[in-house]
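Peer 1: Supplied structure: data18.cif, mmCIF, C-alpha atoms.
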```cif
data_query
loop_
_atom_site.label_atom_id
_atom_site.label_comp_id
_atom_site.auth_asym_id
_atom_site.auth_seq_id
_atom_site.Cartn_x
_atom_site.Cartn_y
_atom_site.Cartn_z
CA MET A 1 11.63 26.55 12.23
CA PHE A 2 14.78 24.78 10.98
CA HIS A 3 16.96 27.60 12.33
CA GLU A 4 15.36 27.31 15.77
CA HIS A 5 16.91 23.87 16.29
CA GLN A 6 20.52 25.05 15.83
CA LEU A 7 21.27 22.66 13.01
CA HIS A 8 24.78 22.29 11.60
CA ASP A 9 25.78 25.23 9.38
CA ARG A 10 26.43 23.05 6.31
CA LEU A 11 23.00 21.46 6.65
CA LEU A 12 21.29 24.83 7.09
CA LYS A 13 23.07 26.05 3.95
CA ALA A 14 21.56 23.17 1.95
CA ILE A 15 18.09 23.75 3.42
CA THR A 16 18.30 27.41 2.41
CA ALA A 17 19.50 26.50 -1.09
CA LEU A 18 16.60 24.07 -1.50
CA LYS A 19 14.17 26.77 -0.29
CA PHE A 20 12.75 24.63 2.50
CA ASP A 21 11.33 27.74 4.14
CA THR A 22 8.39 26.21 5.98
CA PRO A 23 8.57 22.73 7.52
CA THR A 24 5.65 20.40 6.84
CA PRO A 25 3.46 19.25 9.78
CA VAL A 26 5.30 15.92 10.04
CA GLN A 27 8.65 17.70 10.14
CA LYS A 28 7.44 20.11 12.82
CA ALA A 29 6.09 17.27 14.94
CA THR A 30 9.10 14.95 14.79
CA LEU A 31 12.21 17.10 14.38
CA GLY A 32 12.68 17.97 18.04
CA ASP A 33 12.40 14.36 19.29
CA ALA A 34 14.62 13.02 16.51
CA LEU A 35 17.34 15.61 17.20
CA GLU A 36 17.30 14.61 20.88
CA GLY A 37 18.12 11.05 19.88
CA ARG A 38 14.71 9.64 20.85
CA ASP A 39 13.21 6.65 19.06
CA ILE A 40 10.14 7.74 17.12
CA LEU A 41 7.25 6.05 15.34
CA VAL A 42 5.45 8.20 12.77
CA THR A 43 2.30 7.69 10.74
CA ALA A 44 1.72 10.41 8.14
CA GLU A 45 0.13 10.55 4.71
CA THR A 46 2.13 10.09 1.52
CA GLY A 47 3.77 13.20 0.12
CA SER A 48 3.85 14.89 3.54
CA GLY A 49 7.64 15.26 3.77
CA LYS A 50 8.50 12.15 5.79
CA THR A 51 11.84 11.63 3.98
CA ALA A 52 13.23 15.03 5.00
CA ALA A 53 11.78 14.48 8.48
CA PHE A 54 14.29 11.69 9.11
CA LEU A 55 17.15 12.83 6.85
CA VAL A 56 17.56 16.26 8.48
CA PRO A 57 18.13 14.95 12.05
CA LEU A 58 20.22 12.06 10.70
CA LEU A 59 22.61 14.37 8.83
CA ASP A 60 22.81 16.77 11.77
CA LYS A 61 23.86 13.90 14.05
CA LEU A 62 26.49 12.56 11.65
CA LEU A 63 27.91 16.08 11.20
CA SER A 64 27.97 16.84 14.94
CA VAL A 65 29.18 13.51 16.39
CA LYS A 66 32.52 11.92 15.58
CA ALA A 67 32.36 8.53 13.83
CA PRO A 68 32.92 5.60 16.23
CA GLY A 69 34.65 3.49 13.57
CA TYR A 70 35.15 3.04 9.86
CA GLU A 71 31.93 1.21 8.90
CA ALA A 72 28.55 2.66 7.86
CA ARG A 73 26.98 4.84 10.54
CA ALA A 74 23.33 4.80 9.43
CA LEU A 75 21.04 2.30 7.73
CA ILE A 76 17.78 3.15 5.95
CA LEU A 77 15.67 0.11 5.01
CA THR A 78 13.07 0.48 2.25
CA PRO A 79 10.72 -2.09 0.67
CA THR A 80 11.47 -1.23 -2.99
CA ARG A 81 14.36 -0.07 -5.17
CA GLU A 82 12.36 2.95 -6.34
CA LEU A 83 11.95 4.18 -2.78
CA ALA A 84 15.64 3.55 -2.05
CA PHE A 85 16.74 5.68 -5.00
CA GLN A 86 14.21 8.36 -4.08
CA VAL A 87 15.69 8.56 -0.57
CA LEU A 88 19.21 8.72 -2.03
CA SER A 89 18.18 11.62 -4.26
CA HIS A 90 16.87 13.58 -1.23
CA LEU A 91 20.00 12.70 0.72
CA GLU A 92 22.33 14.01 -1.98
CA GLN A 93 20.43 17.31 -2.04
CA LEU A 94 20.54 17.82 1.72
CA ALA A 95 24.19 16.70 2.00
CA GLN A 96 25.44 18.70 -0.99
CA PHE A 97 27.64 20.97 1.20
CA THR A 98 29.00 18.17 3.37
CA PHE A 99 31.40 15.28 2.89
CA ILE A 100 28.79 12.70 3.90
CA LYS A 101 28.10 10.08 1.24
CA GLY A 102 25.32 7.55 0.85
CA ASP A 103 24.84 4.52 -1.38
CA THR A 104 22.07 2.11 -2.30
CA ILE A 105 22.21 -1.66 -1.79
CA CYS A 106 19.39 -3.06 -3.92
CA GLY A 107 18.63 -5.94 -6.24
CA GLY A 108 18.48 -5.54 -10.00
CA GLU A 109 22.21 -4.94 -10.41
CA GLU A 110 25.33 -7.08 -10.18
CA PHE A 111 26.63 -8.03 -6.76
CA LYS A 112 30.37 -7.43 -7.29
CA PRO A 113 30.13 -3.73 -8.26
CA GLN A 114 28.05 -3.16 -5.13
CA ALA A 115 30.63 -4.89 -2.96
CA ALA A 116 33.35 -2.71 -4.53
CA ARG A 117 31.39 0.46 -3.69
CA LEU A 118 30.94 -0.71 -0.11
CA ARG A 119 34.71 -0.81 0.29
CA LYS A 120 34.62 2.99 -0.01
CA ASN A 121 32.76 3.04 3.33
CA PRO A 122 29.72 5.27 2.67
CA GLU A 123 28.37 6.72 5.92
CA ILE A 124 24.73 6.03 5.02
CA LEU A 125 23.40 2.82 3.50
CA ILE A 126 19.97 2.77 1.83
CA ALA A 127 19.02 -0.83 1.24
CA THR A 128 16.27 -3.28 0.41
CA PRO A 129 16.17 -6.28 2.79
CA GLY A 130 16.85 -9.10 0.31
CA ARG A 131 20.06 -7.71 -1.18
CA LEU A 132 21.34 -6.54 2.21
CA ILE A 133 20.97 -10.11 3.51
CA ASP A 134 23.06 -11.31 0.54
CA HIS A 135 25.89 -8.98 1.59
CA LEU A 136 25.63 -10.05 5.23
CA ASP A 137 25.85 -13.70 4.18
CA LYS A 138 28.98 -13.05 2.12
CA GLY A 139 30.60 -10.83 4.75
CA THR A 140 30.85 -7.79 2.46
CA ILE A 141 29.03 -5.52 4.90
CA ASP A 142 29.33 -4.82 8.64
CA LEU A 143 26.54 -3.17 10.65
CA SER A 144 28.37 -3.05 13.99
CA ASP A 145 28.91 0.75 13.79
CA ILE A 146 25.30 1.68 12.95
CA GLU A 147 24.19 4.64 15.07
CA VAL A 148 20.80 5.28 13.45
CA LEU A 149 18.39 2.71 11.99
CA ILE A 150 15.44 3.96 9.91
CA LEU A 151 12.62 1.72 8.69
CA ASP A 152 10.81 3.45 5.85
CA GLU A 153 7.41 1.84 5.04
CA ALA A 154 8.02 -1.17 7.27
CA ASP A 155 4.48 -2.47 6.74
CA ARG A 156 5.17 -2.95 3.04
CA MET A 157 8.28 -4.99 3.84
CA ILE A 158 6.09 -7.29 5.92
CA ASP A 159 3.52 -7.57 3.11
CA MET A 160 6.33 -8.55 0.72
CA GLY A 161 7.47 -11.36 3.02
CA PHE A 162 10.63 -9.72 4.41
CA GLU A 163 9.76 -10.03 8.11
CA GLU A 164 12.43 -12.66 8.79
CA ASP A 165 15.08 -10.69 6.87
CA VAL A 166 14.23 -7.42 8.64
CA THR A 167 14.34 -9.16 12.02
CA ARG A 168 17.81 -10.49 11.27
CA ILE A 169 19.05 -7.10 10.02
CA ILE A 170 17.79 -5.36 13.16
CA GLY A 171 19.63 -7.97 15.23
CA CYS A 172 22.91 -7.15 13.44
CA CYS A 173 22.72 -3.49 14.50
CA PRO A 174 23.98 -2.31 17.92
CA PRO A 175 21.27 -2.29 20.62
CA ASP A 176 22.12 1.27 21.72
CA ARG A 177 21.29 2.78 18.31
CA GLN A 178 18.56 5.35 17.61
CA SER A 179 15.62 3.86 15.68
CA MET A 180 13.00 5.69 13.62
CA LEU A 181 10.01 4.18 11.83
CA PHE A 182 7.96 6.08 9.24
CA SER A 183 4.88 4.87 7.36
CA ALA A 184 1.64 6.04 5.81
CA THR A 185 -0.42 2.94 6.59
CA LEU A 186 0.98 1.20 9.67
CA ALA A 187 -1.64 1.08 12.42
CA GLN A 188 -0.52 0.94 16.05
CA ASP A 189 -2.70 -2.10 16.77
CA ARG A 190 -1.31 -4.00 13.77
CA MET A 191 2.36 -3.46 14.55
CA PRO A 192 4.29 -6.75 14.56
CA ALA A 193 6.20 -7.72 17.67
CA PHE A 194 9.61 -7.55 15.98
CA ILE A 195 9.03 -3.89 15.12
CA LYS A 196 7.89 -3.04 18.64
CA SER A 197 11.00 -4.71 20.03
CA SER A 198 13.25 -2.67 17.71
CA LEU A 199 12.08 0.60 19.29
CA SER A 200 13.09 1.73 22.77
CA ASP A 201 10.38 3.79 24.51
CA PRO A 202 9.37 5.45 21.23
CA VAL A 203 7.60 8.78 20.89
CA ILE A 204 4.51 8.17 18.75
CA HIS A 205 3.40 10.78 16.22
CA GLN A 206 0.20 9.80 14.42
CA LEU A 207 -0.52 12.76 12.19
CA ASN A 208 -3.34 11.01 10.36
CA SER A 209 -5.27 7.78 10.53
CA HIS A 210 -3.59 4.95 8.66
CA ARG A 211 -6.91 4.56 6.82
CA ALA A 212 -7.33 8.22 5.86
CA VAL A 213 -7.53 9.08 2.18
CA HIS A 214 -5.54 12.07 0.96
CA GLN A 215 -7.68 15.20 1.36
CA LYS A 216 -6.08 16.92 -1.65
CA ILE A 217 -7.11 14.12 -4.02
CA SER A 218 -10.54 13.61 -5.61
CA HIS A 219 -11.46 9.91 -5.72
CA GLN A 220 -13.67 8.69 -8.58
CA ILE A 221 -14.85 5.38 -10.07
CA ILE A 222 -16.03 4.52 -13.57
CA THR A 223 -17.92 1.27 -14.02
CA ALA A 224 -17.17 -1.07 -16.94
CA THR A 225 -19.04 -4.10 -18.23
CA ASP A 226 -15.87 -6.04 -19.03
CA SER A 227 -12.12 -5.76 -19.61
CA ALA A 228 -12.53 -4.67 -23.24
CA LEU A 229 -14.62 -1.68 -22.19
CA LYS A 230 -11.99 -0.81 -19.57
CA ASP A 231 -9.38 -0.54 -22.32
CA LYS A 232 -11.59 1.85 -24.29
CA GLN A 233 -12.29 3.94 -21.21
CA LEU A 234 -8.56 4.15 -20.46
CA ILE A 235 -7.78 5.42 -23.97
CA SER A 236 -10.57 7.99 -23.68
CA LEU A 237 -9.22 9.26 -20.35
CA LEU A 238 -5.64 9.52 -21.62
CA HIS A 239 -6.83 11.44 -24.69
CA LYS A 240 -9.41 13.75 -23.09
CA GLU A 241 -8.64 14.05 -19.36
CA PRO A 242 -6.51 17.13 -18.60
CA PHE A 243 -3.25 16.24 -16.84
CA GLU A 244 0.41 17.18 -16.71
CA LYS A 245 1.65 13.65 -15.90
CA ALA A 246 -0.26 10.43 -15.24
CA ILE A 247 0.44 6.99 -13.77
CA VAL A 248 -1.68 3.98 -14.78
CA PHE A 249 -1.55 1.11 -12.28
CA THR A 250 -2.16 -2.57 -13.03
CA ASN A 251 -1.95 -5.67 -10.82
CA THR A 252 0.36 -7.86 -12.92
CA ILE A 253 3.53 -7.62 -14.99
CA VAL A 254 1.79 -9.25 -17.96
CA GLU A 255 -1.00 -6.68 -17.92
CA ALA A 256 1.45 -3.77 -17.63
CA ALA A 257 3.38 -5.00 -20.68
CA ARG A 258 0.15 -5.56 -22.65
CA LEU A 259 -1.19 -2.10 -21.87
CA ASN A 260 2.09 -0.49 -22.88
CA GLY A 261 1.70 -1.96 -26.35
CA TYR A 262 -2.05 -1.31 -26.47
CA VAL A 263 -1.90 2.45 -25.79
CA ARG A 264 0.78 2.90 -28.47
CA ARG A 265 -1.71 1.69 -31.08
CA PHE A 266 -3.71 4.84 -30.32
CA GLY A 267 -0.78 7.23 -30.59
CA ILE A 268 -0.12 7.40 -26.83
CA ARG A 269 3.53 7.16 -25.80
CA ALA A 270 4.09 5.72 -22.35
CA GLY A 271 6.82 4.18 -20.24
CA VAL A 272 6.44 1.00 -18.21
CA ILE A 273 7.84 -0.14 -14.85
CA HIS A 274 7.49 -3.60 -13.34
CA GLY A 275 9.50 -6.16 -11.40
CA ASP A 276 11.03 -7.89 -14.44
CA LEU A 277 12.99 -4.80 -15.54
CA THR A 278 16.59 -4.19 -14.53
CA GLN A 279 17.40 -1.29 -12.25
CA GLU A 280 18.98 0.63 -15.13
CA GLN A 281 15.80 0.25 -17.20
CA ARG A 282 13.68 1.49 -14.31
CA LYS A 283 15.93 4.48 -13.67
CA HIS A 284 15.86 5.38 -17.37
CA VAL A 285 12.05 5.41 -17.48
CA ILE A 286 11.79 7.49 -14.28
CA LYS A 287 14.30 10.00 -15.65
CA LEU A 288 12.28 10.40 -18.87
CA LEU A 289 9.17 11.05 -16.78
CA GLN A 290 10.98 13.57 -14.57
CA LEU A 291 12.30 15.43 -17.62
CA GLY A 292 8.86 15.51 -19.21
CA THR A 293 9.93 13.46 -22.23
CA LEU A 294 7.27 10.95 -21.13
CA LYS A 295 3.99 12.07 -19.58
CA ILE A 296 2.43 8.67 -18.92
CA LEU A 297 3.75 5.78 -16.85
CA ILE A 298 2.21 2.30 -16.74
CA ALA A 299 3.28 0.49 -13.58
CA THR A 300 2.66 -2.33 -11.15
CA ASP A 301 2.71 -1.81 -7.38
CA VAL A 302 6.53 -1.65 -7.33
CA ALA A 303 6.02 2.03 -8.19
CA ALA A 304 3.29 2.64 -5.61
CA ARG A 305 5.86 3.50 -2.94
CA GLY A 306 8.88 5.60 -3.68
CA ILE A 307 8.05 7.50 -6.85
CA ASP A 308 7.99 11.21 -6.06
CA ILE A 309 7.74 13.04 -9.37
CA LYS A 310 6.59 16.63 -9.63
CA GLY A 311 3.60 17.19 -11.87
CA VAL A 312 1.85 13.83 -11.43
CA ASP A 313 -1.73 15.03 -11.11
CA LEU A 314 -3.62 11.95 -12.33
CA VAL A 315 -3.59 8.32 -11.18
CA ILE A 316 -5.69 5.71 -12.99
CA ASN A 317 -6.29 2.28 -11.50
CA ARG A 318 -6.80 0.10 -14.58
CA ASP A 319 -7.09 -2.75 -12.08
CA MET A 320 -8.46 -2.11 -8.60
CA PRO A 321 -5.70 -2.54 -5.98
CA ARG A 322 -5.95 -5.59 -3.72
CA SER A 323 -6.23 -3.67 -0.43
CA GLY A 324 -7.03 -0.29 1.08
CA ASP A 325 -3.37 0.27 2.01
CA ASP A 326 -2.30 -0.35 -1.59
CA TYR A 327 -4.98 2.10 -2.75
CA ILE A 328 -3.59 4.78 -0.41
CA HIS A 329 -0.05 4.34 -1.72
CA ARG A 330 -1.05 4.23 -5.39
CA THR A 331 -3.16 7.35 -5.22
CA GLY A 332 -0.53 9.00 -3.02
CA ARG A 333 1.69 9.42 -6.10
CA THR A 334 -0.46 12.47 -6.86
CA GLY A 335 -1.55 15.35 -4.65
CA ARG A 336 1.93 15.59 -3.13
CA ALA A 337 3.37 18.57 -1.26
CA GLY A 338 -0.03 20.25 -0.96
CA SER A 339 -0.97 20.10 -4.66
CA GLN A 340 -4.29 18.84 -6.01
CA GLY A 341 -4.69 15.44 -7.64
CA ARG A 342 -7.24 13.02 -9.12
CA ALA A 343 -7.57 9.27 -8.72
CA ILE A 344 -9.84 7.36 -11.13
CA SER A 345 -10.53 3.63 -10.74
CA LEU A 346 -12.07 1.52 -13.51
CA ILE A 347 -14.39 -1.08 -11.97
CA ASP A 348 -15.78 -4.19 -13.70
CA PRO A 349 -18.41 -6.49 -12.08
CA SER A 350 -15.78 -8.79 -10.56
CA GLU A 351 -14.17 -5.84 -8.72
CA TRP A 352 -17.31 -4.28 -7.25
CA ASN A 353 -17.12 -6.05 -3.90
CA LEU A 354 -13.39 -5.24 -3.64
CA MET A 355 -14.10 -1.59 -4.34
CA ALA A 356 -16.87 -1.56 -1.72
CA SER A 357 -14.58 -3.16 0.88
CA ILE A 358 -11.92 -0.50 0.21
CA GLU A 359 -14.55 2.19 0.66
CA ARG A 360 -15.48 0.72 4.04
CA TYR A 361 -11.83 0.37 5.05
CA LEU A 362 -11.07 4.00 4.17
CA LYS A 363 -14.42 5.22 5.56
CA THR A 364 -15.14 7.19 2.41
CA LYS A 365 -17.39 7.14 -0.64
CA PHE A 366 -15.99 7.24 -4.17
CA GLU A 367 -17.62 9.58 -6.67
CA LEU A 368 -19.33 7.76 -9.55
CA ARG A 369 -18.77 9.29 -12.99
CA LYS A 370 -19.44 8.26 -16.58
CA ILE A 371 -17.73 8.62 -19.95
CA PRO A 372 -20.37 9.48 -22.59
CA GLY A 373 -20.67 6.64 -25.07
CA LEU A 374 -18.61 4.29 -22.90
CA GLU A 375 -20.96 3.69 -20.00
CA GLY A 376 -20.82 0.40 -18.16
CA SER A 377 -24.13 -1.37 -17.65
CA TYR A 378 -23.20 -2.78 -14.24
CA LEU A 379 -23.89 -0.46 -11.30
CA GLY A 380 -23.56 -2.87 -8.43
CA PRO A 381 -25.59 -5.77 -7.06
CA LYS A 382 -29.37 -5.40 -7.10
CA LYS A 383 -30.91 -4.58 -3.75
CA LEU A 384 -33.72 -6.86 -2.61
CA LYS A 385 -36.79 -5.29 -1.01
CA SER A 386 -36.77 -6.15 2.66
CA SER A 387 -40.18 -7.15 4.13
CA GLY A 388 -38.97 -8.49 7.45
CA LYS A 389 -39.19 -12.07 6.16
CA ALA A 390 -36.87 -14.29 4.24
CA ALA A 391 -36.77 -13.54 0.53
CA GLY A 392 -39.00 -15.75 -1.60
CA THR A 393 -41.58 -16.52 1.08
CA LYS A 394 -45.24 -15.53 0.78
CA LYS A 395 -47.79 -15.30 3.54
CA LYS A 396 -50.72 -17.65 2.98
CA LYS A 397 -54.19 -16.31 3.61
CA ILE A 398 -56.20 -18.46 6.02
CA ASP A 399 -59.99 -18.39 6.26
CA LYS A 400 -60.89 -17.80 9.93
CA LYS A 401 -64.09 -19.90 9.67
CA LEU A 402 -62.25 -22.84 8.25
CA ALA A 403 -59.50 -22.46 10.82
CA SER A 404 -62.00 -22.63 13.68
CA LYS A 405 -63.53 -25.92 12.55
CA LYS A 406 -62.04 -29.20 13.65
CA PRO A 407 -60.89 -31.46 10.88
CA THR A 408 -63.38 -34.26 10.15
CA ARG A 409 -62.99 -37.52 8.38
CA ASP A 410 -64.91 -38.48 5.37
CA LYS A 411 -66.79 -41.52 6.62
CA LYS A 412 -67.26 -42.86 3.15
CA LYS A 413 -63.54 -42.96 2.56
CA VAL A 414 -62.70 -44.57 5.93
CA LYS A 415 -62.86 -48.34 5.84
CA LYS A 416 -63.71 -50.22 9.02
CA ARG A 417 -61.19 -52.77 10.06
CA SER A 418 -62.63 -56.21 10.65
CA LYS A 419 -61.87 -57.95 13.93
CA PRO A 420 -59.66 -61.01 13.61
CA THR A 421 -61.31 -64.37 14.11
CA PHE A 422 -59.76 -67.11 16.17
CA ILE A 423 -60.33 -70.83 15.67
CA ASP A 424 -60.22 -73.10 18.73
CA ASP A 425 -58.01 -75.92 17.56
CA GLY A 426 -57.38 -77.31 21.03
CA MET A 427 -53.84 -75.94 21.17
CA ALA A 428 -52.51 -73.63 23.85
CA PRO A 429 -52.36 -69.98 22.94
CA PHE A 430 -48.96 -68.61 21.73
CA THR A 431 -47.02 -66.57 24.28
CA ARG A 432 -43.82 -64.57 23.60
CA LYS A 433 -40.84 -65.55 25.64
CA LYS A 434 -39.46 -62.80 27.78
#
```
Spell out the structure here as structure tokens.
Peer 2:
Amino acid sequence: MFHEHQLHDRLLKAITALKFDTPTPVQKATLGDALEGRDILVTAETGSGKTAAFLVPLLDKLLSVKAPGYEARALILTPTRELAFQVLSHLEQLAQFTFIKGDTICGGEEFKPQAARLRKNPEILIATPGRLIDHLDKGTIDLSDIEVLILDEADRMIDMGFEEDVTRIIGCCPPDRQSMLFSATLAQDRMPAFIKSSLSDPVIHQLNSHRAVHQKISHQIITATDSALKDKQLISLLHKEPFEKAIVFTNTIVEAARLNGYVRRFGIRAGVIHGDLTQEQRKHVIKLLQLGTLKILIATDVAARGIDIKGVDLVINRDMPRSGDDYIHRTGRTGRAGSQGRAISLIDPSEWNLMASIERYLKTKFELRKIPGLEGSYLGPKKLKSSGKAAGTKKKKIDKKLASKKPTRDKKKVKKRSKPTFIDDGMAPFTRKK
């Protein structure tokens, strides 16, 4: 398939070395349009090969077309640092036999070293919106030579409040550029106007519904009475559940840090990733997980998009994610590249309605399972018996004979009113003035 498109020899050499023998469905669907220079909008499930789907045509273009100037030729925007570094890793593999260089522009590291690297003029910039805006404000970056703009997981950037920044960045790029947008959860009817305006007559490839759960992943829930029981259930799963590598997701930084200390009390060694760590600390933890030194990662949603680690076959939601899209991206860390995976969510009474709303959003039904000895007593709200009437009302029985009779007064209880007596005192009767 790759050879059919007459890709550059150096790129084909890298594809062969990486043993990319069979393109994934998303790569088959989009490669032709992207190589022709068309704008494309792609919705495909996590782990489906979206990164290579835009990197292969991007590298082929940069290898085949002479640079128009000395500034960066391509910009890839990502919502998180983890995703940016993941894209850079794929880029370095595919460009290993070329002279094309890429670099990341993300927060979590000092500004001056980044500015110094930019002076080396990397052809491809992989950036998060906030830090890229900082460089634009200080004049340390120029986007006037950008030939290809790629928005990776644009919906997450919007959720994180970067809409204004992304709009400004798009405006700094030349209008005649090629634009590509890839996401797992961006619905066509929910696309913001600024994204629509950034694409010129795009070819739309919707390989799956933005609400579809990953078919290679089994989705389970375990009910808990309270937070303390959740902790015990988590320890039981990490001790007894078979897995090669696991990621435990929480909703807050405080909870991630607490759980990291809690599991260590039970002899479980884990790494932790959250927004308060520096980029070097995050990279160190990811490297330990990739090498197999660590087998368990405790993380907030900063890791839900961008972590692509082989062997992650179990995801545990210690806290239920806040939306169906977040659920898709968390559980998408497993079951990647066609492998099987499991997603287990621990549900306390306060999360039941949230879990039910996510089920409706994803149009699926989670499998209910139990841990012997650690069963939760709460199994959802009690269902009231419907009788066609409002709850709590009873039908009164009425005697037909009594109903047919007219109500009568008790004459003994009714007092007759006496007529008023008038005394003729010779005065004229009183009349009310009109």
Peer 1: If I take atom CA of Leu379 of chain A and atom CA of His219 of chain A, how far is one from the other in Å, to one decimal?
Peer 2: 17.1 Å
Peer 1: Can you give me, as number ranges by chain, the residues this file yields under the PyMOL selection byres ((chain A and resi 357) around 12)?
Peer 2: A: 320-325, 327, 351-356, 358-366
Peer 1: Provide the atom CA of Leu199 of chain A to atom CA of Pro175 of chain A distance in Å, to one decimal place.
Peer 2: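 Separation between atom CA of Leu199 of chain A and atom CA of Pro175 of chain A: 9.7 Å.
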Peer 1: Determine the residue membership of the PyMOL selection byres ((chain A and resi 168) around 12) for the file above and supply it as a PyMOL selection string.
Peer 2: chain A and resi 129-130+132-134+136-137+143+162-167+169-173+194-195+198
Peer 1: Which residue out of A:Leu207, A:Arg81, A:Leu7, A:Val315 has the minimum interatomic distance to Ile273 of chain A when all atoms listed in the file are used?
Peer 2: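 Closest candidate: A:Arg81.
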Peer 1: Nearest to Gly37 of chain A among A:Lys19, A:Lys101, A:His205, A:Lys61, with distances taken over all atoms listed in the file: which residue is it?
Peer 2: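 Using all atoms listed in the file, Gly37 of chain A sits closest to A:Lys61.
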Peer 1: Could you state the separation of atom CA of Arg38 of chain A and atom CA of Ser179 of chain A in Å, given to one decimal place?
Peer 2: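 Computing the Euclidean distance for atom CA of Arg38 of chain A and atom CA of Ser179 of chain A yields 7.8 Å.
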Peer 1: Which residues come within 12 Å of Gly292 of chain A, counting all atoms listed in the file, excluding same-chain residues fewer than 6 positions away, as a list in words?
Peer 2: Glu244, Lys245, Ala246, Arg269, Ala270, Gly271, Val285, Ile286, Ile309, Lys310, Gly311 and Val312 of chain A
Peer 1: Identify, on the basis of all atoms listed in the file, every residue whose closest approach to segment 122-128 of chain A does not exceed 6 Å; exclude the query and any residue fewer than 4 positions from it along the same chain; express the result as a list in words.
Peer 2: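 My list of contacting residues is Ala72, Arg73, Ala74, Leu75, Ile76, Leu77, Thr78, Pro79, Ala84, Lys101, Gly102, Asp103, Thr104, Ile105 and Cys106 of chain A.
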Peer 1: Taking the file as shown, what set of residues would the PyMOL selection byres ((chain A and resi 349) around 10) give back, as a PyMOL selection string?
Peer 2: chain A and resi 223-227+347-348+350-354+376-381
Peer 1: Keeping only C-alpha atoms, write the selected residues as an mmCIF file, in the coordinates of the input.
Peer 2:
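Output (out-v6.cif):
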```
data_model
loop_
_atom_site.group_PDB
_atom_site.id
_atom_site.type_symbol
_atom_site.label_atom_id
_atom_site.label_comp_id
_atom_site.auth_asym_id
_atom_site.auth_seq_id
_atom_site.Cartn_x
_atom_site.Cartn_y
_atom_site.Cartn_z
ATOM 1 C CA THR A 223 -17.920 1.270 -14.020
ATOM 2 C CA ALA A 224 -17.170 -1.070 -16.940
ATOM 3 C CA THR A 225 -19.040 -4.100 -18.230
ATOM 4 C CA ASP A 226 -15.870 -6.040 -19.030
ATOM 5 C CA SER A 227 -12.120 -5.760 -19.610
ATOM 6 C CA ILE A 347 -14.390 -1.080 -11.970
ATOM 7 C CA ASP A 348 -15.780 -4.190 -13.700
ATOM 8 C CA SER A 350 -15.780 -8.790 -10.560
ATOM 9 C CA GLU A 351 -14.170 -5.840 -8.720
ATOM 10 C CA TRP A 352 -17.310 -4.280 -7.250
ATOM 11 C CA ASN A 353 -17.120 -6.050 -3.900
ATOM 12 C CA LEU A 354 -13.390 -5.240 -3.640
ATOM 13 C CA GLY A 376 -20.820 0.400 -18.160
ATOM 14 C CA SER A 377 -24.130 -1.370 -17.650
ATOM 15 C CA TYR A 378 -23.200 -2.780 -14.240
ATOM 16 C CA LEU A 379 -23.890 -0.460 -11.300
ATOM 17 C CA GLY A 380 -23.560 -2.870 -8.430
ATOM 18 C CA PRO A 381 -25.590 -5.770 -7.060
#
```
